[in-house]
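K.L.:
Sending over a structure as structure tokens; questions will come in a sec.
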Amino acid sequence: MTVSEASTTACAATAAASLPKLDASRIRLVLLDSGGANLGSVQAAFARLGVEAPVSSDAQRIRAATHVLLPGVGAAAPAMARLRANGLDRLIPSLSQPLLGICVGMQLLFEHSVEGDVACLGLLPGRVEGLPETPGVRVPHMGWNRLQAVSPEAAMHPLLAGVDGRHAYFVHGYAYRGTTNTLATCTHGQPFAAIAARGRVMGAQCHPERSATTGARLLANFLSL
Amino acid sequence: MLARRLIPCLDVRDGQVVKGLRFRDHVVVGGIESLALRYRDEGADELVFYDITASPEGRRVERDWVERVARLIDIPFCVAGGIRSVEDARVVLNAGADKISINSPALERPALIDELAAAFGVQCVVVGIDSLRDEDGEWRVRQYTGDPSKTKALGRRTLDWVTEAQQRGAGEIVLNCMGSDGARAGFDLEQLAAVRGRCRVPLVASGGAGAIEHFIEVFHRADVDAALAASVFHAGTVSIPELKTRLQQAGIEVRHD
């Protein structure tokens with residue numbers, strides 16, 4: 001067997017068929033540097049959509065972006081420490097363009113996380129808690145689980161287009177378990193906020209960069225806003 | 001509900017994917033990237049790349065193919081083999097791997113699990129365990145199984161090691177049952193169920209898959225979170241789309257893209 005370019009093209013074509021049309025020339029995306037190890041994977045996910053995703057902590061460059069993404073892997077406390085060290089903790093709340101936090105990046109949007117008992121950005125009201133471990137419900141929550149819109153109105157949110165009811169990939173031990181601003185839940189023992197939005201501030205607890213076609217759709221939806 | 005995962009395992013040797021019976025006599029199966037892409041398109045939920053020569057030779061995982069795979073596929077993948085330190089793990093994770101799996105180096109120095117969990121979080125620390133039943137009926141771990149001439153039997157009981165690995169910060173356990181590996185006669189349900197009883201974190205079954213029925217029974221009877229296999233997927237004996245349909249018919253939650 002050889003590396004098949006035909007297969008690569010077929011894969012891209014399948015994904016593209018279900019994606020909204022993006023005008024990459026109008027998009028200036030910036031990934032905020034929260035110190036996570038998954039920056040390369042997130043950049044690759046956008047590259048598959050034809051969009052460059054430079055990493056920056058430069059205020060001028062971030063202000064000039066059309067879309068801002070806050071990635072995150074690891075724990076909330078070191079990620080917040082990183083944002084404080086490079087001044088992003090003050091810059092992020094002052095931004096006006098669409099902002100998407102993913103995984104720990106979503107958790108940082110809330111007021112507080114019990115993981116490391118750390119104050120977060122406070123752009124979304126609520127506290128991030130540990131997922132409860134019960135018989136048969138293992139923590140960390142690791143694997144593919146279904147996104148479920150909380151209401152017909154929530155299902156109409158552009159971020160959920162084409163992803164409601166589909167499986168996304170999760171790896172985490174903490175989440176926001178309240179309902180304020182929650183668009184879609186995911187259930188692991190109990191429901192938690194899988195996707196939340198309050199105006200320009202949005203979060204996805206799953207890893208869209210590793211959620212196959214569903215994840216690509218979620219990222220494309222964000223860039224379409 | 002969390003879907004049960006199907007994980008093709010790609011044993012990597014000298015930049016190619018290989019497979020041997022009971023860890024011996026390796027033959028080339030194909031290229032790393034072409035197989036990764038094939039399995040992604042067929043609906044694999046995750047991939048594991050095992051650098052089977054890395055650990056016994058004290059050699060590090062090459063970084064470049066990890067980067068190429070990370071750019072190519074949009075499902076999670078784990079890299080195993082030759083990770084002996086936080087720095088080794090950092091290289092692989094920064095190259096785009098979602099998780100790292102350690103086996104022999106964790107047996108050499110169990111504190112490595114604590115260090116990796118502290119540095120990267122438990123969610124990306126997988127502990128692989130090669131286990132074999134001894135004549136006294138006890139399951140015990142094996143070390144350096146990538147090379148039969150260097151494989152070592154240890155006195156450590158498998159169930160004890162499962163408990164210790166979790167206490168130290170393993171976020172997932174892959175149990176490779178060497179007695180059933182490569183024989184395609186089914187997973188070692190007895191051992192997996194025993195380990196499940198000790199394992200609070202996700203548990204991945206490995207070794208022995210030969211037919212669709214084997215996957216149905218391992219999810220039903222050993223309650224594992226994921227099933228890993230190599231040769232049945234490589235040879236096409238079990239097709240992932242058909243397997244997922246059959247699992248769903250058997251009442252097992254699976255992902256459909």
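Residues are referred to by chain and number: the chain letter is A, B, ... according to the order shown in the structure tokens, the number counts from 1 in that chain, and ligands are numbered separately from 1 in the order shown.
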May I have the residues within 7 Å of Met202 in chain A as a PyMOL selection string, using only C-alpha atoms and disregarding those fewer than 5 positions away in the same chain?
P.N.:
chain A and resi 99-101+196-197
K.L.:
Select all residues from chain A having any atom no more than 6 Å from an atom of chain B (counting only C-alpha atoms, ignoring ligands), output as number ranges by chain.
P.N.:
A: 1, 3, 37, 40-41, 44, 74, 138-139, 144-145, 187, 210-212
K.L.:
Give me a file of those residues, with N, CA, C and O atoms, as a tab-separated table (two decimals), in the first residue's frame.
P.N.:
```tsv
chain	number	residue	atom	x	y	z
A	1	MET	N	0.85	-1.20	0.00
A	1	MET	CA	0.00	0.00	0.00
A	1	MET	C	0.89	1.25	0.00
A	1	MET	O	1.91	1.29	0.66
A	3	VAL	N	1.00	5.72	0.20
A	3	VAL	CA	0.23	6.88	0.65
A	3	VAL	C	-0.60	7.36	-0.54
A	3	VAL	O	-0.08	7.66	-1.59
A	37	ALA	N	-0.55	21.76	24.94
A	37	ALA	CA	0.26	20.97	24.02
A	37	ALA	C	-0.48	20.68	22.71
A	37	ALA	O	0.08	20.09	21.82
A	40	GLY	N	-0.72	22.52	17.93
A	40	GLY	CA	-0.44	21.99	16.59
A	40	GLY	C	-1.65	21.28	16.01
A	40	GLY	O	-1.96	21.43	14.82
A	41	SER	N	-2.36	20.52	16.85
A	41	SER	CA	-3.54	19.80	16.37
A	41	SER	C	-4.64	20.77	15.97
A	41	SER	O	-5.35	20.56	14.99
A	44	ALA	N	-3.74	22.37	12.71
A	44	ALA	CA	-3.93	21.42	11.61
A	44	ALA	C	-5.41	21.32	11.24
A	44	ALA	O	-5.75	21.20	10.06
A	74	GLY	N	-4.68	20.26	29.55
A	74	GLY	CA	-3.98	20.26	30.83
A	74	GLY	C	-4.90	20.74	31.92
A	74	GLY	O	-6.07	20.39	31.95
A	138	ARG	N	-16.86	6.52	34.43
A	138	ARG	CA	-15.44	6.69	34.74
A	138	ARG	C	-14.98	8.10	34.44
A	138	ARG	O	-15.42	8.73	33.49
A	139	VAL	N	-14.07	8.57	35.28
A	139	VAL	CA	-13.48	9.89	35.13
A	139	VAL	C	-11.96	9.70	35.08
A	139	VAL	O	-11.42	9.00	35.93
A	144	TRP	N	-15.99	9.36	22.72
A	144	TRP	CA	-16.98	10.02	21.86
A	144	TRP	C	-18.34	9.99	22.53
A	144	TRP	O	-18.82	8.93	22.95
A	145	ASN	N	-18.95	11.17	22.61
A	145	ASN	CA	-20.25	11.27	23.26
A	145	ASN	C	-21.11	12.27	22.48
A	145	ASN	O	-20.60	13.12	21.77
A	187	THR	N	-24.06	13.96	28.15
A	187	THR	CA	-24.35	13.26	29.39
A	187	THR	C	-23.33	12.17	29.66
A	187	THR	O	-23.13	11.27	28.85
A	210	ARG	N	-10.28	17.07	17.08
A	210	ARG	CA	-10.15	15.62	17.05
A	210	ARG	C	-11.53	14.95	16.96
A	210	ARG	O	-11.66	13.79	17.32
A	211	SER	N	-12.53	15.71	16.50
A	211	SER	CA	-13.89	15.18	16.44
A	211	SER	C	-14.36	14.93	15.02
A	211	SER	O	-15.54	15.09	14.70
A	212	ALA	N	-13.44	14.54	14.15
A	212	ALA	CA	-13.74	14.13	12.78
A	212	ALA	C	-14.62	15.18	12.08
A	212	ALA	O	-14.42	16.39	12.26
```
K.L.:
Would you list, as number ranges by chain, the residues of range 54-239 of chain B that end up in strand (DSSP E or B) under DSSP run on this structure's backbone?
P.N.:
B: 77-80, 99-102, 125-133, 139-143, 152-157, 172-177, 203-206, 226-229
K.L.:
Can you pull out every residue within 12 Å of Ala184 in chain A, counting only C-alpha atoms, but drop anything in the same chain fewer than 6 positions away, and send it as a PyMOL selection string?
P.N.:
chain A and resi 145-157+159-161+163-166+168+176-178+191-197+202-206
K.L.:
Mind checking which residues fall within 7 Å of Ala44 in chain B, counting only C-alpha atoms, ignoring those fewer than 2 positions away in the same chain, and posting them as a list in words?
P.N.:
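Selected residues are Leu6, Ile7, Pro8, Tyr39, Arg40, Glu42, Glu46 and Ile240 of chain B.
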K.L.:
Could those residues be written to a file, using all heavy atoms, as a PDB file, in the first residue's frame?
P.N.:
```pdb
ATOM      1  N   LEU B   6     -13.510   1.777  19.239  1.00  0.00           N
ATOM      2  CA  LEU B   6     -12.760   0.772  18.489  1.00  0.00           C
ATOM      3  C   LEU B   6     -11.433   1.395  18.073  1.00  0.00           C
ATOM      4  O   LEU B   6     -11.404   2.464  17.459  1.00  0.00           O
ATOM      5  CB  LEU B   6     -13.548   0.336  17.249  1.00  0.00           C
ATOM      6  CG  LEU B   6     -14.900  -0.291  17.562  1.00  0.00           C
ATOM      7  CD1 LEU B   6     -15.686  -0.527  16.278  1.00  0.00           C
ATOM      8  CD2 LEU B   6     -14.734  -1.604  18.339  1.00  0.00           C
ATOM      9  N   ILE B   7     -10.351   0.716  18.446  1.00  0.00           N
ATOM     10  CA  ILE B   7      -9.020   1.313  18.276  1.00  0.00           C
ATOM     11  C   ILE B   7      -8.104   0.373  17.488  1.00  0.00           C
ATOM     12  O   ILE B   7      -7.587  -0.596  18.049  1.00  0.00           O
ATOM     13  CB  ILE B   7      -8.373   1.612  19.654  1.00  0.00           C
ATOM     14  CG1 ILE B   7      -9.321   2.443  20.525  1.00  0.00           C
ATOM     15  CG2 ILE B   7      -7.038   2.322  19.465  1.00  0.00           C
ATOM     16  CD1 ILE B   7      -8.784   2.727  21.924  1.00  0.00           C
ATOM     17  N   PRO B   8      -7.889   0.643  16.213  1.00  0.00           N
ATOM     18  CA  PRO B   8      -6.849  -0.106  15.503  1.00  0.00           C
ATOM     19  C   PRO B   8      -5.477   0.264  16.064  1.00  0.00           C
ATOM     20  O   PRO B   8      -5.201   1.437  16.315  1.00  0.00           O
ATOM     21  CB  PRO B   8      -6.976   0.351  14.047  1.00  0.00           C
ATOM     22  CG  PRO B   8      -8.347   0.954  13.956  1.00  0.00           C
ATOM     23  CD  PRO B   8      -8.615   1.549  15.316  1.00  0.00           C
ATOM     24  N   TYR B  39      -8.037   4.053   8.301  1.00  0.00           N
ATOM     25  CA  TYR B  39      -8.824   3.750   9.499  1.00  0.00           C
ATOM     26  C   TYR B  39      -9.695   4.932   9.914  1.00  0.00           C
ATOM     27  O   TYR B  39     -10.812   4.744  10.383  1.00  0.00           O
ATOM     28  CB  TYR B  39      -7.908   3.312  10.645  1.00  0.00           C
ATOM     29  CG  TYR B  39      -7.379   1.914  10.446  1.00  0.00           C
ATOM     30  CD1 TYR B  39      -6.023   1.628  10.510  1.00  0.00           C
ATOM     31  CD2 TYR B  39      -8.258   0.877  10.180  1.00  0.00           C
ATOM     32  CE1 TYR B  39      -5.551   0.354  10.315  1.00  0.00           C
ATOM     33  CE2 TYR B  39      -7.786  -0.413   9.978  1.00  0.00           C
ATOM     34  CZ  TYR B  39      -6.434  -0.666  10.049  1.00  0.00           C
ATOM     35  OH  TYR B  39      -5.979  -1.941   9.856  1.00  0.00           O
ATOM     36  N   ARG B  40      -9.197   6.123   9.729  1.00  0.00           N
ATOM     37  CA  ARG B  40     -10.022   7.307  10.018  1.00  0.00           C
ATOM     38  C   ARG B  40     -11.276   7.286   9.144  1.00  0.00           C
ATOM     39  O   ARG B  40     -12.391   7.496   9.609  1.00  0.00           O
ATOM     40  CB  ARG B  40      -9.191   8.568   9.767  1.00  0.00           C
ATOM     41  CG  ARG B  40      -9.932   9.869  10.064  1.00  0.00           C
ATOM     42  CD  ARG B  40     -10.625  10.394   8.808  1.00  0.00           C
ATOM     43  NE  ARG B  40     -11.424  11.569   9.089  1.00  0.00           N
ATOM     44  CZ  ARG B  40     -12.706  11.713   8.727  1.00  0.00           C
ATOM     45  NH1 ARG B  40     -13.335  10.753   8.089  1.00  0.00           N
ATOM     46  NH2 ARG B  40     -13.357  12.813   9.007  1.00  0.00           N
ATOM     47  N   GLU B  42     -12.672   4.760   7.717  1.00  0.00           N
ATOM     48  CA  GLU B  42     -13.541   3.606   7.996  1.00  0.00           C
ATOM     49  C   GLU B  42     -14.321   3.763   9.299  1.00  0.00           C
ATOM     50  O   GLU B  42     -15.162   2.933   9.612  1.00  0.00           O
ATOM     51  CB  GLU B  42     -12.708   2.318   8.048  1.00  0.00           C
ATOM     52  CG  GLU B  42     -12.238   1.877   6.673  1.00  0.00           C
ATOM     53  CD  GLU B  42     -11.362   0.640   6.705  1.00  0.00           C
ATOM     54  OE1 GLU B  42     -11.082   0.117   7.812  1.00  0.00           O
ATOM     55  OE2 GLU B  42     -10.952   0.196   5.633  1.00  0.00           O
ATOM     56  N   GLU B  46     -10.223   6.016  17.335  1.00  0.00           N
ATOM     57  CA  GLU B  46      -8.942   6.446  17.896  1.00  0.00           C
ATOM     58  C   GLU B  46      -7.889   5.524  17.301  1.00  0.00           C
ATOM     59  O   GLU B  46      -8.213   4.425  16.851  1.00  0.00           O
ATOM     60  CB  GLU B  46      -9.032   6.263  19.409  1.00  0.00           C
ATOM     61  CG  GLU B  46      -7.932   6.853  20.222  1.00  0.00           C
ATOM     62  CD  GLU B  46      -8.255   6.776  21.730  1.00  0.00           C
ATOM     63  OE1 GLU B  46      -9.438   6.879  22.103  1.00  0.00           O
ATOM     64  OE2 GLU B  46      -7.318   6.572  22.497  1.00  0.00           O
ATOM     65  N   ILE B 240     -14.587  -2.273  10.023  1.00  0.00           N
ATOM     66  CA  ILE B 240     -15.071  -1.406  11.104  1.00  0.00           C
ATOM     67  C   ILE B 240     -16.522  -0.957  10.884  1.00  0.00           C
ATOM     68  O   ILE B 240     -17.313  -1.008  11.819  1.00  0.00           O
ATOM     69  CB  ILE B 240     -14.097  -0.228  11.324  1.00  0.00           C
ATOM     70  CG1 ILE B 240     -12.774  -0.786  11.870  1.00  0.00           C
ATOM     71  CG2 ILE B 240     -14.676   0.800  12.300  1.00  0.00           C
ATOM     72  CD1 ILE B 240     -11.660   0.221  11.984  1.00  0.00           C
TER      73      ILE B 240
END
```
K.L.:
For Gly208 in chain B, work out the shell of residues within 12 Å, counting only C-alpha atoms and skipping chain neighbours fewer than 6 positions away, then give it as an MDAnalysis selection string.
P.N.:
chainID B and resid 21:22 175:189 192 214:215 218 227:232
K.L.:
Quote the spacing between CA of Pro158 in chain A and CA of Val30 in chain A in Å to one decimal place.
P.N.:
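So the answer is 20.6 Å.
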K.L.:
How far is it from CA of Cys78 in chain B to CA of Glu108 in chain B, in Å with one decimal?
P.N.:
21.0 Å
K.L.:
Might you pull out every residue within 7 Å of Ile100 in chain B, with only C-alpha atoms counted and same-chain residues fewer than 5 positions away left off, and present them as a ChimeraX atom specification?
P.N.:
/B:78-80,89,124-126
K.L.:
Using only N, CA and C atoms, please write the residues we just selected to a file, as a PDB file, in the first residue's frame.
P.N.:
```
ATOM      1  N   CYS B  78      -2.790   8.038  20.024  1.00  0.00           N
ATOM      2  CA  CYS B  78      -1.878   7.844  21.148  1.00  0.00           C
ATOM      3  C   CYS B  78      -0.576   7.275  20.607  1.00  0.00           C
ATOM      4  N   VAL B  79       0.527   7.702  21.174  1.00  0.00           N
ATOM      5  CA  VAL B  79       1.825   7.165  20.769  1.00  0.00           C
ATOM      6  C   VAL B  79       2.452   6.437  21.948  1.00  0.00           C
ATOM      7  N   ALA B  80       2.905   5.219  21.688  1.00  0.00           N
ATOM      8  CA  ALA B  80       3.524   4.391  22.721  1.00  0.00           C
ATOM      9  C   ALA B  80       4.900   3.944  22.262  1.00  0.00           C
ATOM     10  N   ALA B  89       7.997  12.720  26.507  1.00  0.00           N
ATOM     11  CA  ALA B  89       6.549  12.843  26.328  1.00  0.00           C
ATOM     12  C   ALA B  89       6.203  14.186  25.718  1.00  0.00           C
ATOM     13  N   CYS B 124      -3.996  12.505  29.510  1.00  0.00           N
ATOM     14  CA  CYS B 124      -3.189  12.055  28.362  1.00  0.00           C
ATOM     15  C   CYS B 124      -2.152  11.014  28.756  1.00  0.00           C
ATOM     16  N   VAL B 125      -2.260  10.474  29.981  1.00  0.00           N
ATOM     17  CA  VAL B 125      -1.295   9.471  30.420  1.00  0.00           C
ATOM     18  C   VAL B 125      -1.943   8.080  30.421  1.00  0.00           C
ATOM     19  N   VAL B 126      -1.513   7.262  29.481  1.00  0.00           N
ATOM     20  CA  VAL B 126      -2.025   5.905  29.355  1.00  0.00           C
ATOM     21  C   VAL B 126      -0.940   4.944  29.835  1.00  0.00           C
TER      22      VAL B 126
END
```
